[in-house]
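Chemist: The structure under discussion is supplied below as structure tokens; questions concerning it will follow.
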Amino acid sequence: MDMTEFCRSLASRASTVEGRRALFRREVRSPRYRGAVHLAALLSTCVGCAALALLAVESWGALEYWAIASELLLSSVVVYFGHRYPMHRPVRGLQWVYDLHTRFHHMVFSASETELDSIDDICMVMFPVRDILGMCVVVAPLLSVPWLLLGGLDPALAFAATGHLFYLSYELIHLAAHGRVGGPLDSVPGLGFLLRHHRRHHAWSVMHQRNFSMIFVGWDWLMGTLARRR
Ligand SMILES: [Zn+2]
Ligand SMILES: [Zn+2]
């Protein structure tokens, strides 16, 4: 069964989170899949690309810092609005995004069942390896072209490296939110708040309305979509 068909039928084929996870493991996840390899691919690709870009910057000045700021703004906007709209409302041409997020990711977790059962289930949270490669090797360099044309190579490299590291942070924070509830990461100031912020989003009663940010929660506050209470 292909992933689209699987996502669209998932909620009707199993009524519990546990049952849906079992179906995914049996019908979609490859028997050869290893979460540790997936995680290693994420870390090595993002850190490797960011390091190469940062090492190639010849001099740092105002332009490079503006490039970093512009990338953080762009990424936080993409995360918030990408999550709020195509991921939670079907958009023509981007239906697959809705299927993967609302019909799959949200169906294998609930407000009271946000924890992953094992590291080999992290593919229920993270983007696949081909998307990670696409994001780092194609999307980040392409988005840095305006800076290349306007400011030269150094700000473009700073922009791309920030994109790699922002994307890595997004994936790791999302993964941590699906880690152990009440674990040591929950007590880290700032990070613990972000993890609880995303777990609240997994309540089926609020998932289409609240807590779409992952790193810059200010967007939820600004747009009036912050869930204040459990
Ligand atoms: Zn999630
Ligand atoms: Zn969501």
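By convention here, the chains of the structure tokens are called A, B, ... in the order presented, each chain's residues are numbered starting at 1, and ligands are numbered starting at 1 in the order presented.
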Select the residues contacting ligand 2 at a distance of at most 12 Å, based on only C-alpha atoms and all ligand atoms, then format the selection as an NGL selection string.
Modeler: :A and (79-89 or 97-111 or 125 or 174 or 197-214)
Chemist: Using the selection just defined, write its residues with C-alpha atoms as a PDB file, in the first residue's frame.
Modeler:
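Result written to out-v1.pdb:
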```pdb
ATOM      1  CA  VAL A  79       7.165  26.605   9.903  1.00  0.00           C
ATOM      2  CA  TYR A  80       4.195  28.527  11.321  1.00  0.00           C
ATOM      3  CA  PHE A  81       2.177  29.100   8.142  1.00  0.00           C
ATOM      4  CA  GLY A  82       3.216  25.796   6.536  1.00  0.00           C
ATOM      5  CA  HIS A  83       1.988  23.989   9.634  1.00  0.00           C
ATOM      6  CA  ARG A  84      -1.162  26.068  10.067  1.00  0.00           C
ATOM      7  CA  TYR A  85      -2.305  25.810   6.430  1.00  0.00           C
ATOM      8  CA  PRO A  86      -1.146  22.968   4.128  1.00  0.00           C
ATOM      9  CA  MET A  87      -0.470  20.623   7.048  1.00  0.00           C
ATOM     10  CA  HIS A  88      -3.849  21.230   8.710  1.00  0.00           C
ATOM     11  CA  ARG A  89      -6.059  22.389   5.825  1.00  0.00           C
ATOM     12  CA  VAL A  97       1.309  17.454   3.039  1.00  0.00           C
ATOM     13  CA  TYR A  98      -2.116  17.283   4.747  1.00  0.00           C
ATOM     14  CA  ASP A  99      -2.181  13.487   4.394  1.00  0.00           C
ATOM     15  CA  LEU A 100       1.246  13.028   5.952  1.00  0.00           C
ATOM     16  CA  HIS A 101       0.650  15.463   8.777  1.00  0.00           C
ATOM     17  CA  THR A 102      -3.013  15.472   9.829  1.00  0.00           C
ATOM     18  CA  ARG A 103      -3.952  12.003   8.594  1.00  0.00           C
ATOM     19  CA  PHE A 104      -0.764  10.272   9.672  1.00  0.00           C
ATOM     20  CA  HIS A 105       1.376  12.159  12.227  1.00  0.00           C
ATOM     21  CA  HIS A 106      -1.642  13.332  14.229  1.00  0.00           C
ATOM     22  CA  MET A 107      -3.305   9.920  14.076  1.00  0.00           C
ATOM     23  CA  VAL A 108      -0.345   8.069  15.637  1.00  0.00           C
ATOM     24  CA  PHE A 109      -0.124  10.485  18.582  1.00  0.00           C
ATOM     25  CA  SER A 110      -2.687  12.072  20.874  1.00  0.00           C
ATOM     26  CA  ALA A 111      -2.479  14.545  23.751  1.00  0.00           C
ATOM     27  CA  VAL A 125       8.040  12.196  13.472  1.00  0.00           C
ATOM     28  CA  HIS A 174       9.980  17.924  17.388  1.00  0.00           C
ATOM     29  CA  HIS A 197       3.806  23.704  23.540  1.00  0.00           C
ATOM     30  CA  HIS A 198       3.971  21.029  20.811  1.00  0.00           C
ATOM     31  CA  ARG A 199       2.425  18.310  22.991  1.00  0.00           C
ATOM     32  CA  ARG A 200      -0.599  20.547  23.565  1.00  0.00           C
ATOM     33  CA  HIS A 201      -0.928  20.888  19.778  1.00  0.00           C
ATOM     34  CA  HIS A 202      -1.416  17.111  19.656  1.00  0.00           C
ATOM     35  CA  ALA A 203      -4.772  17.342  21.450  1.00  0.00           C
ATOM     36  CA  TRP A 204      -7.199  16.423  18.657  1.00  0.00           C
ATOM     37  CA  SER A 205      -9.639  19.065  19.929  1.00  0.00           C
ATOM     38  CA  VAL A 206      -7.168  21.930  19.275  1.00  0.00           C
ATOM     39  CA  MET A 207      -4.762  20.626  16.618  1.00  0.00           C
ATOM     40  CA  HIS A 208      -6.381  22.606  13.774  1.00  0.00           C
ATOM     41  CA  GLN A 209      -6.503  25.837  15.807  1.00  0.00           C
ATOM     42  CA  ARG A 210      -3.570  26.142  18.238  1.00  0.00           C
ATOM     43  CA  ASN A 211       0.204  25.945  18.748  1.00  0.00           C
ATOM     44  CA  PHE A 212       1.581  25.711  15.224  1.00  0.00           C
ATOM     45  CA  SER A 213       5.053  27.140  16.025  1.00  0.00           C
ATOM     46  CA  MET A 214       7.945  24.854  16.845  1.00  0.00           C
TER      47      MET A 214
END
```
Chemist: Quick one: residues within 8 Å of Met126 in chain A, only C-alpha atoms counted, chain neighbours fewer than 4 positions away excluded, as number ranges by chain?
Modeler: A: 122, 171, 174-175
Chemist: Go ahead and save the residues from that selection, with C-alpha atoms, as an mmCIF file, in the first residue's frame.
Modeler:
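Saved the output as result_2.cif:
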```cif
data_model
loop_
_atom_site.group_PDB
_atom_site.id
_atom_site.type_symbol
_atom_site.label_atom_id
_atom_site.label_comp_id
_atom_site.auth_asym_id
_atom_site.auth_seq_id
_atom_site.Cartn_x
_atom_site.Cartn_y
_atom_site.Cartn_z
ATOM 1 C CA ILE A 122 11.163 8.144 14.812
ATOM 2 C CA GLU A 171 13.639 18.171 13.742
ATOM 3 C CA HIS A 174 9.980 17.924 17.388
ATOM 4 C CA LEU A 175 11.639 14.614 18.202
#
```
Chemist: Determine which residues of range 91-179 of chain A DSSP labels as alpha helix (DSSP H) from the backbone of this structure, then write them out as a VMD selection string.
Modeler: chain A and resid 95 to 101 129 to 133 140 to 143 145 to 151 153 to 177
Chemist: With only C-alpha atoms as the counted atoms, please give the residues lying no more than 12 Å from range 18-22 of chain A, apart from itself and same-chain residues fewer than 3 positions off, as a PyMOL selection string.
Modeler: chain A and resi 6-7+9-15+25-29+103-110+112-118+120-125
Chemist: Which one is closest to Ser44 in chain A: A:Val77, A:Val129, A:Leu153, A:Leu142? Count only C-alpha atoms.
Modeler: A:Val129
Chemist: For Leu74 in chain A, which of A:Val17, A:Leu195, A:Leu149, A:Ala160 is the closest residue, counting only C-alpha atoms?
Modeler: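 Distance minimum relative to Leu74 in chain A lands on A:Ala160.
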Chemist: Name the closest residue to ligand 1 among the candidates A:Trp96, A:Trp219, A:Phe127, A:Phe24; distances are taken between atoms, counting only C-alpha atoms and all ligand atoms.
Modeler: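 Checking each of A:Trp96, A:Trp219, A:Phe127, A:Phe24 against ligand 1, counting only C-alpha atoms and all ligand atoms, the winner is A:Phe127.
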Chemist: Skip Ala51 in chain A itself and residues of its chain fewer than 5 positions away, then list as a PyMOL selection string all residues within 9 Å of it, counting only C-alpha atoms.
Modeler: chain A and resi 46+56+161
Chemist: Determine the nearest neighbour of ligand 1 from the options A:Gly192, A:Pro141, A:Gly224, A:Gly179, counting only C-alpha atoms and all ligand atoms.
Modeler: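 The answer is A:Gly179, which sits nearest to ligand 1.
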Chemist: To one decimal place in Å, what is the distance between CA of Ala53 in chain A and CA of Ser169 in chain A?
Modeler: 17.2 Å
Chemist: Between A:Trp221, A:Ile215, A:Ala140, A:Leu39, which residue has the minimum interatomic distance to Gly190 in chain A, considering only C-alpha atoms?
Modeler: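 Residue with the minimum atom-to-atom distance to Gly190 in chain A: A:Ile215.
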Chemist: Within 7 Å of Glu71 in chain A, counting only C-alpha atoms, which residues show up once you throw out same-chain ones fewer than 2 positions away? Write them as number ranges by chain, please.
Modeler: A: 67-69, 73-75, 159, 162-163
